[in-house]
Structures are given as C-alpha cells and as structure tokens.
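Below: structure-v7.cif (mmCIF, N, CA and C atoms)
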```
data_start
loop_
_atom_site.label_atom_id
_atom_site.label_comp_id
_atom_site.auth_asym_id
_atom_site.auth_seq_id
_atom_site.Cartn_x
_atom_site.Cartn_y
_atom_site.Cartn_z
N MET T 27 -49.23 14.96 51.11
CA MET T 27 -50.61 15.42 51.01
C MET T 27 -51.51 14.45 51.75
N TYR T 28 -52.52 14.99 52.37
CA TYR T 28 -53.45 14.20 53.15
C TYR T 28 -54.80 14.13 52.44
N SER T 29 -55.56 13.09 52.76
CA SER T 29 -56.90 13.00 52.19
C SER T 29 -57.76 14.09 52.80
N ALA T 30 -58.86 14.39 52.16
CA ALA T 30 -59.75 15.45 52.63
C ALA T 30 -60.29 15.15 54.02
N THR T 31 -60.38 13.88 54.38
CA THR T 31 -60.90 13.54 55.70
C THR T 31 -59.82 13.58 56.78
N ALA T 32 -58.59 13.82 56.39
CA ALA T 32 -57.52 13.93 57.38
C ALA T 32 -57.53 15.28 58.07
N TYR T 33 -58.20 16.26 57.48
CA TYR T 33 -58.28 17.61 58.04
C TYR T 33 -59.56 17.76 58.85
N ALA T 34 -59.45 18.50 59.92
CA ALA T 34 -60.63 18.93 60.68
C ALA T 34 -60.47 20.42 60.88
N ILE T 35 -61.48 21.18 60.52
CA ILE T 35 -61.44 22.63 60.67
C ILE T 35 -62.64 23.02 61.51
N ARG T 36 -62.37 23.83 62.54
CA ARG T 36 -63.44 24.24 63.43
C ARG T 36 -63.14 25.62 63.98
N ARG T 37 -64.17 26.26 64.54
CA ARG T 37 -63.98 27.56 65.21
C ARG T 37 -63.26 27.32 66.53
N THR T 38 -62.44 28.27 66.88
CA THR T 38 -61.73 28.15 68.15
C THR T 38 -62.65 28.52 69.31
N THR T 39 -62.29 28.03 70.48
CA THR T 39 -62.97 28.37 71.72
C THR T 39 -61.92 28.93 72.68
N GLU T 40 -62.36 29.33 73.84
CA GLU T 40 -61.42 29.83 74.84
C GLU T 40 -60.40 28.76 75.22
N ALA T 41 -60.80 27.51 75.17
CA ALA T 41 -59.90 26.41 75.53
C ALA T 41 -58.74 26.27 74.54
N ASP T 42 -58.88 26.86 73.34
CA ASP T 42 -57.82 26.76 72.33
C ASP T 42 -56.75 27.84 72.48
N ALA T 43 -56.91 28.76 73.42
CA ALA T 43 -55.95 29.87 73.57
C ALA T 43 -54.50 29.37 73.73
N PRO T 44 -54.24 28.38 74.60
CA PRO T 44 -52.85 27.91 74.72
C PRO T 44 -52.32 27.30 73.41
N THR T 45 -53.17 26.61 72.69
CA THR T 45 -52.76 26.01 71.42
C THR T 45 -52.43 27.10 70.40
N LEU T 46 -53.24 28.15 70.34
CA LEU T 46 -52.98 29.25 69.42
C LEU T 46 -51.68 29.97 69.78
N ARG T 47 -51.44 30.14 71.08
CA ARG T 47 -50.18 30.77 71.51
C ARG T 47 -48.99 29.91 71.11
N ARG T 48 -49.11 28.59 71.28
CA ARG T 48 -48.02 27.68 70.93
C ARG T 48 -47.76 27.71 69.42
N LEU T 49 -48.83 27.67 68.62
CA LEU T 49 -48.66 27.73 67.17
C LEU T 49 -47.98 29.05 66.75
N ALA T 50 -48.41 30.14 67.33
CA ALA T 50 -47.83 31.44 67.00
C ALA T 50 -46.35 31.48 67.40
N GLU T 51 -46.05 30.93 68.55
CA GLU T 51 -44.66 30.89 69.01
C GLU T 51 -43.80 30.05 68.06
N LEU T 52 -44.30 28.88 67.68
CA LEU T 52 -43.55 28.02 66.75
C LEU T 52 -43.33 28.71 65.41
N ASP T 53 -44.30 29.50 64.98
CA ASP T 53 -44.25 30.18 63.68
C ASP T 53 -43.57 31.55 63.77
N SER T 54 -43.07 31.90 64.95
CA SER T 54 -42.43 33.20 65.19
C SER T 54 -43.36 34.36 64.82
N GLN T 55 -44.63 34.22 65.17
CA GLN T 55 -45.66 35.22 64.90
C GLN T 55 -46.29 35.64 66.22
N ARG T 56 -47.00 36.74 66.18
CA ARG T 56 -47.78 37.12 67.36
C ARG T 56 -49.07 36.31 67.35
N PRO T 57 -49.63 36.04 68.53
CA PRO T 57 -50.86 35.24 68.60
C PRO T 57 -52.02 35.92 67.87
N LEU T 58 -52.98 35.12 67.45
CA LEU T 58 -54.16 35.63 66.77
C LEU T 58 -55.10 36.28 67.79
N ASP T 59 -55.72 37.37 67.38
CA ASP T 59 -56.70 38.05 68.23
C ASP T 59 -58.09 37.77 67.70
N GLY T 60 -59.04 37.62 68.59
CA GLY T 60 -60.42 37.46 68.19
C GLY T 60 -60.75 36.07 67.68
N PRO T 61 -61.89 35.96 67.00
CA PRO T 61 -62.33 34.65 66.53
C PRO T 61 -61.38 34.10 65.46
N ALA T 62 -61.29 32.78 65.42
CA ALA T 62 -60.38 32.13 64.46
C ALA T 62 -60.91 30.74 64.12
N LEU T 63 -60.35 30.20 63.05
CA LEU T 63 -60.57 28.80 62.68
C LEU T 63 -59.26 28.08 62.93
N ILE T 64 -59.35 26.88 63.46
CA ILE T 64 -58.15 26.08 63.68
C ILE T 64 -58.26 24.82 62.84
N GLY T 65 -57.15 24.45 62.23
CA GLY T 65 -57.12 23.25 61.40
C GLY T 65 -56.26 22.19 62.05
N GLU T 66 -56.78 20.99 62.06
CA GLU T 66 -56.05 19.87 62.65
C GLU T 66 -55.74 18.86 61.56
N ILE T 67 -54.57 18.29 61.65
CA ILE T 67 -54.17 17.21 60.75
C ILE T 67 -54.02 15.96 61.60
N LEU T 68 -54.80 14.95 61.27
CA LEU T 68 -54.79 13.70 62.01
C LEU T 68 -54.96 13.93 63.51
N GLY T 69 -55.85 14.89 63.85
CA GLY T 69 -56.17 15.15 65.24
C GLY T 69 -55.25 16.11 65.98
N ARG T 70 -54.20 16.62 65.32
CA ARG T 70 -53.26 17.54 65.97
C ARG T 70 -53.42 18.94 65.39
N PRO T 71 -53.55 19.97 66.23
CA PRO T 71 -53.63 21.35 65.73
C PRO T 71 -52.37 21.68 64.93
N ALA T 72 -52.57 22.17 63.70
CA ALA T 72 -51.43 22.43 62.83
C ALA T 72 -51.40 23.84 62.28
N ALA T 73 -52.56 24.48 62.16
CA ALA T 73 -52.61 25.84 61.60
C ALA T 73 -53.90 26.50 62.04
N ALA T 74 -53.90 27.83 61.98
CA ALA T 74 -55.10 28.59 62.33
C ALA T 74 -55.13 29.87 61.51
N VAL T 75 -56.34 30.38 61.29
CA VAL T 75 -56.52 31.64 60.56
C VAL T 75 -57.42 32.54 61.39
N SER T 76 -57.06 33.80 61.47
CA SER T 76 -57.86 34.79 62.18
C SER T 76 -59.06 35.16 61.31
N LEU T 77 -60.25 35.16 61.89
CA LEU T 77 -61.44 35.58 61.15
C LEU T 77 -61.57 37.10 61.15
N THR T 78 -60.68 37.77 61.86
CA THR T 78 -60.67 39.22 61.89
C THR T 78 -59.87 39.80 60.74
N ASP T 79 -58.65 39.31 60.55
CA ASP T 79 -57.77 39.90 59.53
C ASP T 79 -57.20 38.90 58.52
N GLY T 80 -57.51 37.62 58.67
CA GLY T 80 -57.06 36.62 57.71
C GLY T 80 -55.62 36.15 57.90
N ARG T 81 -55.00 36.56 58.98
CA ARG T 81 -53.61 36.16 59.23
C ARG T 81 -53.58 34.68 59.60
N VAL T 82 -52.59 33.96 59.06
CA VAL T 82 -52.47 32.52 59.28
C VAL T 82 -51.21 32.24 60.09
N ILE T 83 -51.33 31.36 61.07
CA ILE T 83 -50.17 30.84 61.79
C ILE T 83 -50.18 29.33 61.60
N ALA T 84 -48.98 28.73 61.57
CA ALA T 84 -48.91 27.29 61.34
C ALA T 84 -47.67 26.70 61.98
N ASP T 85 -47.75 25.43 62.28
CA ASP T 85 -46.63 24.69 62.82
C ASP T 85 -45.61 24.48 61.70
N PRO T 86 -44.40 25.05 61.81
CA PRO T 86 -43.42 24.92 60.73
C PRO T 86 -42.81 23.51 60.63
N PHE T 87 -43.08 22.67 61.63
CA PHE T 87 -42.53 21.32 61.63
C PHE T 87 -43.51 20.30 61.07
N THR T 88 -44.64 20.80 60.59
CA THR T 88 -45.67 19.95 59.98
C THR T 88 -45.95 20.49 58.58
N THR T 89 -46.17 19.60 57.64
CA THR T 89 -46.52 20.03 56.28
C THR T 89 -47.94 20.55 56.29
N THR T 90 -48.06 21.87 56.15
CA THR T 90 -49.38 22.50 56.27
C THR T 90 -49.77 23.29 55.02
N VAL T 91 -49.09 23.10 53.92
CA VAL T 91 -49.36 23.89 52.72
C VAL T 91 -50.83 23.78 52.33
N HIS T 92 -51.34 22.56 52.21
CA HIS T 92 -52.74 22.38 51.78
C HIS T 92 -53.71 22.88 52.84
N LEU T 93 -53.42 22.61 54.09
CA LEU T 93 -54.30 23.06 55.16
C LEU T 93 -54.36 24.58 55.20
N ARG T 94 -53.24 25.27 55.04
CA ARG T 94 -53.24 26.73 55.03
C ARG T 94 -54.07 27.27 53.88
N GLN T 95 -53.99 26.63 52.72
CA GLN T 95 -54.81 27.05 51.57
C GLN T 95 -56.30 26.88 51.87
N ILE T 96 -56.65 25.77 52.49
CA ILE T 96 -58.04 25.52 52.84
C ILE T 96 -58.52 26.54 53.87
N LEU T 97 -57.69 26.84 54.85
CA LEU T 97 -58.06 27.84 55.85
C LEU T 97 -58.26 29.21 55.21
N ARG T 98 -57.42 29.58 54.27
CA ARG T 98 -57.58 30.87 53.58
C ARG T 98 -58.88 30.88 52.78
N MET T 99 -59.20 29.76 52.12
CA MET T 99 -60.46 29.68 51.38
C MET T 99 -61.65 29.81 52.32
N ARG T 100 -61.58 29.15 53.47
CA ARG T 100 -62.67 29.25 54.45
C ARG T 100 -62.80 30.68 54.95
N PHE T 101 -61.66 31.36 55.18
CA PHE T 101 -61.70 32.76 55.61
C PHE T 101 -62.36 33.62 54.54
N ASP T 102 -61.98 33.43 53.28
CA ASP T 102 -62.59 34.20 52.18
C ASP T 102 -64.09 33.95 52.11
N ALA T 103 -64.50 32.69 52.29
CA ALA T 103 -65.92 32.35 52.25
C ALA T 103 -66.65 33.00 53.43
N PHE T 104 -66.04 32.96 54.61
CA PHE T 104 -66.63 33.58 55.79
C PHE T 104 -66.81 35.08 55.58
N ARG T 105 -65.79 35.72 55.02
CA ARG T 105 -65.85 37.17 54.78
C ARG T 105 -66.92 37.49 53.75
N ALA T 106 -67.00 36.70 52.67
CA ALA T 106 -68.02 36.93 51.64
C ALA T 106 -69.42 36.73 52.23
N TYR T 107 -69.60 35.70 53.02
CA TYR T 107 -70.90 35.43 53.64
C TYR T 107 -71.31 36.57 54.55
N SER T 108 -70.37 37.08 55.34
CA SER T 108 -70.72 38.14 56.29
C SER T 108 -71.01 39.46 55.58
N ARG T 109 -70.54 39.62 54.35
CA ARG T 109 -70.80 40.85 53.59
C ARG T 109 -72.05 40.76 52.74
N THR T 110 -72.59 39.56 52.56
CA THR T 110 -73.77 39.37 51.73
C THR T 110 -75.02 39.65 52.54
N PRO T 111 -75.91 40.48 52.03
CA PRO T 111 -77.16 40.75 52.76
C PRO T 111 -77.96 39.47 52.95
N SER T 112 -78.75 39.44 54.00
CA SER T 112 -79.58 38.28 54.26
C SER T 112 -80.65 38.14 53.17
N LEU T 113 -81.28 36.99 53.12
CA LEU T 113 -82.33 36.76 52.13
C LEU T 113 -83.45 37.78 52.28
N SER T 114 -83.87 38.04 53.51
CA SER T 114 -84.97 38.99 53.69
C SER T 114 -84.56 40.40 53.24
N GLN T 115 -83.32 40.78 53.47
CA GLN T 115 -82.85 42.09 53.01
C GLN T 115 -82.83 42.15 51.48
N ARG T 116 -82.39 41.06 50.85
CA ARG T 116 -82.37 41.03 49.38
C ARG T 116 -83.77 41.06 48.80
N LEU T 117 -84.73 40.35 49.44
CA LEU T 117 -86.11 40.36 48.96
C LEU T 117 -86.71 41.76 49.09
N ARG T 118 -86.49 42.40 50.24
CA ARG T 118 -87.02 43.75 50.43
C ARG T 118 -86.44 44.72 49.41
N ALA T 119 -85.16 44.57 49.11
CA ALA T 119 -84.52 45.47 48.15
C ALA T 119 -85.06 45.24 46.74
N GLY T 120 -85.52 44.02 46.46
CA GLY T 120 -86.01 43.70 45.13
C GLY T 120 -87.47 44.06 44.90
N ILE T 121 -88.17 44.36 45.97
CA ILE T 121 -89.60 44.70 45.85
C ILE T 121 -89.74 46.21 45.95
N ARG T 122 -90.31 46.77 44.92
CA ARG T 122 -90.57 48.22 44.95
C ARG T 122 -91.93 48.45 45.59
N THR T 123 -91.98 49.37 46.46
CA THR T 123 -93.27 49.71 47.07
C THR T 123 -93.66 51.12 46.64
N VAL T 124 -94.93 51.29 46.46
CA VAL T 124 -95.46 52.60 46.09
C VAL T 124 -96.26 53.09 47.29
N PRO T 125 -95.91 54.24 47.81
CA PRO T 125 -96.65 54.73 48.98
C PRO T 125 -98.08 55.10 48.59
N ILE T 126 -99.00 54.86 49.47
CA ILE T 126 -100.40 55.23 49.26
C ILE T 126 -100.52 56.70 49.61
N THR T 127 -101.00 57.50 48.65
CA THR T 127 -101.06 58.93 48.86
C THR T 127 -102.38 59.42 49.39
N GLY T 128 -103.39 58.66 49.25
CA GLY T 128 -104.69 59.09 49.75
C GLY T 128 -105.72 58.02 49.58
N ALA T 129 -106.85 58.18 50.19
CA ALA T 129 -107.93 57.20 50.08
C ALA T 129 -108.63 57.39 48.73
N ALA T 130 -109.10 56.32 48.19
CA ALA T 130 -109.81 56.38 46.91
C ALA T 130 -111.18 57.03 47.12
N THR T 131 -111.51 57.91 46.23
CA THR T 131 -112.82 58.57 46.32
C THR T 131 -113.71 58.06 45.21
N GLY T 132 -114.91 57.97 45.45
CA GLY T 132 -115.81 57.38 44.50
C GLY T 132 -116.87 58.22 43.97
#
```
File written out as structure tokens:
Amino acid sequence: MYSATAYAIRRTTEADAPTLRRLAELDSQRPLDGPALIGEILGRPAAAVSLTDGRVIADPFTTTVHLRQILRMRFDAFRAYSRTPSLSQRLRAGIRTVPITGAATG
C-alpha cells in the first residue's frame, strides 16, 4: 500500500494515448475511448478509468488495487457531479413565480 501522496490522478490528454494503449495491452483489454483519468504511482502510469463508461485498465505487474478503487470513486464522483443541476438551476427550481395577469386598476 502506498501513502496518499504516492498517487497522482489527472485527466488524460492526447499525449497520453500511447500510454493508454500500452496499459490496455498489458491488461489484455481494448483501449479506452474518450475522456479518462489516469493514475500514476510514484510517477509511473499504472491505471486509468474511462469517464464515458467507467471501464478501468491497469498494469497487471504493478499493485494497483487501491489506485483502481480511488479511480472508481473519482469516476462515481464525476458522474454524480455531471448529473447534478447547477446552483442557478437549483435556485430557479426552488423559486416559484406567479405570472402577472394584468395591470392593477385603481
């Protein structure tokens, strides 16, 4: 097990494509499609999770049990955040408005 500071988790970029292909190949999986998070242990890419479908690939020659769990938690948090309405949407939904039907007569 590694300390919490031994992990680095970040969004992938186009430059990570070869690394993702290598991880998928090592794990006998197909490469991840679309946006993903990649986890590094002591500076080396060790696992990744697809932000599209939650599929995880990992280096089978590295102990990645804890990192894979953290990546899955991050994916769940990302999915929950993307499904939660924004603050302004929640405020608008919470305020009832009454339409004005006519001008006041005196």
Exercise: Ile64 of chain T partners within 5 Å, all atoms listed in the file, chain neighbours under 5 positions left out, as a PyMOL selection string: chain T and resi 35-38+73-74
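Here the question is which of T:Leu93, T:Leu113, T:Ala119, T:Ala84 gets nearest to Arg48 of chain T using only N, CA and C atoms, and that residue is T:Ala84.
Taking segment 40-120 of chain T and asking which residues DSSP calls strand (DSSP E or B) on the backbone, you get T:Ala62, T:Leu63, T:Ile64, T:Gly65, T:Glu66, T:Ile67, T:Arg70, T:Pro71, T:Ala72, T:Ala73, T:Ala74, T:Val75, T:Ser76, T:Val82, T:Ile83, T:Ala84.
Surrounding residues of (-49.1, 31.5, 65.5) at most 5 Å away are Leu49, Ala50, Glu51, Ile83 and Ala84 of chain T (based on only N, CA and C atoms).
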Please give the complete set of residues from segment 40-121 of chain T that DSSP, run on the backbone, assigns to alpha helix (DSSP H), formatted as a VMD selection string. chain T and resid 43 to 52 91 to 109 113 to 120
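Straight-line separation from atom CA of Gln115 of chain T to atom C of Pro61 of chain T: 26.1 Å.
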Taking the file as shown, what set of residues would the PyMOL selection byres ((chain T and resi 97) around 8) give back, as a PyMOL selection string? chain T and resi 35+63-65+73-76+80+82+91-96+98-103
In Å and to one decimal, atom CA of Pro44 of chain T is distant from atom CA of Tyr107 of chain T by 28.8 Å
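Going from atom CA of Asp59 of chain T over to atom CA of Thr89 of chain T, you cover 23.9 Å.
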Nearest residue to Asp53 of chain T from the set T:Thr110, T:Phe87, T:Tyr33, T:Ile67 (distances using only C-alpha atoms): T:Phe87
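Nearest residue to Arg56 of chain T among T:Ser108, T:Thr88, T:Arg81, T:Arg122 is T:Arg81, counting only C-alpha atoms.
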